[in-house]
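Before any comments, here is the structure.
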Amino acid sequence: MALAAVFVLPILVIMGGLVFYPLAVSTVDSFYRVDPMRPDTPFVGFANYARLVTDSTVQASWFNTLAYVVFAVVLETLGGLGAALLLDRIRHGRRWLLAITVLPWCLPPVVNAIVWMWIFNPSYGLLNKVLLGLGLIAQNKVWFNDQATALFLVSLVHVWRMMPLTAVILLAALQSIPGELYEAAKLDGAGPVKSFRLVTLPLIAGGLAIALSQSTVFAFNLFDEAWILAGSSIDTRSVIIQVYLTAFQSMRLSSGMALSILAMIGSLAVSLVYVLKVYRETRYD
Amino acid sequence: MLRLVPSLLSRLGLLLAVALLIVWSLGPVYWSFVTSITPPLDLFGDTSFWPKHPTLQHYAKLFGATSLSQGNAVQSVWPQFSAALVNSIVTAAGATLVTVVVAAAGAYAFVRMKFPGRDICFYLVVATLAIPAYTVMIPLYRLMISLRLIDTYVGIVLIYVSAFLPLALWLMRSVYQAMPISLEEAAWLDGAGRVYTLVFIVLPLAAPGLIASAILTFLNAWGQFMVPLVFSPTLATKPLTVLLPEFVTRNYVDYGLMNAAGIFAIVPPVLIVLFLNRYLVSGLMAGATK
């Protein structure tokens, strides 16, 4: 009992002091006006939240974050599933292919963004060069001039980093499927497509749900890639960048806290949807 | 003979898919490396997939050489670069050490010891994984100022530990849960104390889990950007990830230098993937599936 206290105490102190206490402060202060530039901290009720809902800049950042989530989840799931199926089939050199696949996830996101920024460079970038060489474009393009393209390219850099996680999770799920099931499906005359739909997909549903929720939460919290590639540009500004700018550049602390609380609720709600879905799906087994 | 055609085709498709995956994963890293050894003038002319005149001058700039730009002498970035490199190493290593020790002991208590509120405690800590960092960072900023921990190693390491501890705890709990309790019971019967049993019998068996937790924590800390952007305003603790984007000078972006610094910053992660990938992947799988 005393030993348990000694073992658990550091966790309680660190998590309590640096996560739960600030979280409580954030929640409470989001109902006050906390601004170092102005005197007093009066109680303002939901005023901070109300202003966030009508602020067009904040609305734009929610739209951008939504775009990131859609692009990232779709691309990571399709790409990750493809990579996982490939890794599952490979006999020779799987260890090496797996290492190569995982590598982007291990690199600092800032470095990834810098590497891709150079690839996207309008005058000397590799992307323009390759597309010109293939005859797909007639002249160099300034990729970040167009909002839709900019959102897609920021998502692409994020997908490059996060897809390995989806691939690894799905590979673990694929490897837990007993081989006899495929044999049985084959004996019953099922082709590769049918056996994928009837055997593989239902059995990796759990892993798929976990991968989806990871992709969503990480895309929801996208910051590094957009910040390095386009800074505070309104076209690519995510909700988290908006929080950073509000709190640490404009020093409107309580407004930043209110927005960060909304971001947390959004993030938790999305995770909860997936958790409940998995729970419902595995309950019948 | 005819039956060979479909199998050949599927083999070809497989090879193509493998090639695609390799180009997608390694292509950008390779291109960054090529850029880092291409002379500045070639970067703005005809670049090729293989550098025609490889040079180490961008790396030389990192390590102390002065250079000329439009007739003006440019100071070496070595003083900033070396300080940031040290800061990255100290904060990432410090966070890894503290996180693994705290998680190894804490997870053991959560699995093998009974105390009130045990499961609630554990799930509350793990639930913080879904909280965006900025939700706690604004009050944390004021807390750190009042504790005078802004821009100190202790402050940064503590924040990293609070951010990466839940994952390590989750991982170590699943490792202990998979271990048979009979070994520990045998040790207790022989008169070994609980601490002795944990350190000399349980931990050696849990080594793969410890290594996986250490790797995940180190990689997360090494690549962290948002936290030091706020909490490391000066070179006292500023890591490479925050320094690198600052290499954008007022007149032009020195892509050669930035890519050279980037290649340098990815050495530790690349070494980990090359030599410890087994533990890394098992950690990712356990962290994501259990």
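Naming scheme: A, B, ... for chains in displayed order of the structure tokens; residues 1 onward per chain; ligands 1 onward as shown.
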**Message:** Give me the residues near segment 98-104 of chain B as a VMD selection string, where near means some atom within 9 Å (using only C-alpha atoms) and where sequence neighbours in that chain fewer than 2 positions away do not count.
**Reply:** (chain A and resid 7 to 8 10 to 11) or (chain B and resid 93 to 96 106 to 109 157 to 158 160 to 162 164 to 166 168 to 173 203 210 to 211 213 to 214 217)
Dump C-alpha atoms for the selected residues as a short mmCIF file (atom, residue, chain, number, x, y, z; two decimals), in the first residue's frame?
data_model
loop_
_atom_site.label_atom_id
_atom_site.label_comp_id
_atom_site.auth_asym_id
_atom_site.auth_seq_id
_atom_site.Cartn_x
_atom_site.Cartn_y
_atom_site.Cartn_z
CA PHE A 7 4.98 4.35 -7.32
CA VAL A 8 1.83 6.25 -8.26
CA PRO A 10 4.87 10.93 -9.31
CA ILE A 11 2.15 10.27 -11.88
CA ALA B 93 16.94 12.32 -23.30
CA GLY B 94 15.76 13.83 -20.01
CA ALA B 95 12.09 13.40 -20.91
CA THR B 96 12.73 9.80 -22.04
CA GLY B 106 3.49 3.42 -12.01
CA ALA B 107 2.19 0.85 -14.48
CA TYR B 108 3.45 -1.92 -12.18
CA ALA B 109 1.39 -0.47 -9.33
CA VAL B 157 11.24 18.09 -19.50
CA LEU B 158 8.31 18.23 -17.04
CA TYR B 160 7.18 16.58 -22.13
CA VAL B 161 6.75 13.98 -19.38
CA SER B 162 3.16 15.11 -18.74
CA PHE B 164 4.12 11.49 -23.20
CA LEU B 165 3.58 9.64 -19.91
CA PRO B 166 0.03 8.42 -20.74
CA ALA B 168 4.18 4.94 -21.97
CA LEU B 169 1.91 4.02 -19.06
CA TRP B 170 -0.60 2.38 -21.39
CA LEU B 171 2.19 0.44 -23.10
CA MET B 172 3.86 -0.75 -19.88
CA ARG B 173 0.52 -1.79 -18.37
CA LEU B 203 11.95 -5.37 -15.41
CA LEU B 210 10.73 -0.55 -21.79
CA ILE B 211 12.73 -0.09 -25.00
CA SER B 213 8.31 3.12 -24.50
CA ALA B 214 11.71 4.80 -24.51
CA THR B 217 8.92 8.97 -25.97
#
**Message:** Report as a list in words all protein, DNA and RNA residues lying within 9 Å of segment 12-20 of chain B, evaluated on only C-alpha atoms, omitting residues in the same chain fewer than 6 positions from it.
**Reply:**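 Near segment 12-20 of chain B, the qualifying residues are Gly82, Ala83, Leu86, Leu87, Arg89, Ile90 and Leu97 of chain A.
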At a cut-off of 7 Å, can you tabulate as a Markdown table every residue of chain B near chain A together with its closest atom pair and the distance in Å to one decimal, using only C-alpha atoms and ordering rows by chain then number?
| residue | atom | partner | partner_atom | distance |
| --- | --- | --- | --- | --- |
| B:Ile22 | CA | A:Ile100 | CA | 6.7 |
| B:Ser25 | CA | A:Thr101 | CA | 5.9 |
| B:Pro28 | CA | A:Val115 | CA | 6.7 |
| B:Ser32 | CA | A:Val115 | CA | 5.9 |
| B:Phe44 | CA | A:Tyr124 | CA | 6.0 |
| B:Val102 | CA | A:Pro10 | CA | 6.8 |
| B:Ala105 | CA | A:Phe7 | CA | 5.3 |
| B:Gly106 | CA | A:Val8 | CA | 5.0 |
| B:Ala109 | CA | A:Ala4 | CA | 5.5 |
| B:Met113 | CA | A:Ala4 | CA | 6.4 |
| B:Phe115 | CA | A:Met1 | CA | 6.8 |
| B:Ala130 | CA | A:Leu268 | CA | 6.1 |
| B:Ile131 | CA | A:Met264 | CA | 5.6 |
| B:Pro132 | CA | A:Met264 | CA | 5.9 |
| B:Tyr134 | CA | A:Ser260 | CA | 6.3 |
| B:Thr135 | CA | A:Ser260 | CA | 4.7 |
| B:Val136 | CA | A:Pro22 | CA | 5.1 |
| B:Ile138 | CA | A:Met257 | CA | 6.9 |
| B:Pro139 | CA | A:Pro22 | CA | 5.1 |
| B:Leu140 | CA | A:Pro22 | CA | 5.8 |
| B:Ile159 | CA | A:Leu18 | CA | 6.9 |
| B:Ser162 | CA | A:Met15 | CA | 5.6 |
| B:Leu219 | CA | A:Cys106 | CA | 6.2 |
| B:Trp222 | CA | A:Pro108 | CA | 6.8 |
| B:Gly223 | CA | A:Pro108 | CA | 3.8 |
| B:Phe225 | CA | A:Asp224 | CA | 6.9 |
| B:Thr241 | CA | A:Val110 | CA | 6.0 |
| B:Tyr255 | CA | A:Trp118 | CA | 7.0 |
| B:Asn259 | CA | A:Val115 | CA | 6.8 |
| B:Gly262 | CA | A:Val111 | CA | 5.5 |
| B:Ile266 | CA | A:Leu107 | CA | 6.0 |
| B:Pro269 | CA | A:Cys106 | CA | 5.7 |
| B:Val273 | CA | A:Ala99 | CA | 6.0 |
| B:Asn277 | CA | A:Ala99 | CA | 6.2 |
| B:Met285 | CA | A:Ile169 | CA | 5.7 |
| B:Ala288 | CA | A:Ile169 | CA | 6.5 |
| B:Thr289 | CA | A:Gly207 | CA | 6.8 |
**Message:** Excluding Ala150 of chain A and its own-chain neighbours fewer than 5 positions away, which residues fall within 7 Å of it when counting only C-alpha atoms? Please give them as a PyMOL selection string.
**Reply:** chain A and resi 143-144+236
Please produce a file of those selected residues containing N, CA and C atoms, as a short mmCIF file (atom, residue, chain, number, x, y, z; two decimals), in the first residue's frame.
data_model
loop_
_atom_site.label_atom_id
_atom_site.label_comp_id
_atom_site.auth_asym_id
_atom_site.auth_seq_id
_atom_site.Cartn_x
_atom_site.Cartn_y
_atom_site.Cartn_z
N TRP A 143 1.88 27.05 -55.88
CA TRP A 143 0.88 26.14 -55.33
C TRP A 143 0.03 26.75 -54.23
N PHE A 144 0.65 27.61 -53.40
CA PHE A 144 -0.10 28.09 -52.24
C PHE A 144 -0.95 29.33 -52.54
N THR A 236 -4.84 28.61 -44.70
CA THR A 236 -4.45 27.28 -44.21
C THR A 236 -4.47 27.22 -42.68
#
**Prompt:** Residues of segment 17-206 of chain B in alpha helix (DSSP H) according to DSSP, as a PyMOL selection string?
**Reply:** chain B and resi 17-36+40-43+57-62+78-112+118-127+133-146+153-177+182-189+194-197+203-205
**Asked** atom CA of Leu56 of chain B and atom CA of Leu132 of chain A are how many Å apart?
**Response**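 We find that atom CA of Leu56 of chain B and atom CA of Leu132 of chain A lie 29.4 Å from each other.
Note that atom CA of Gly135 of chain A and atom CA of Val23 of chain B are 20.7 Å apart.
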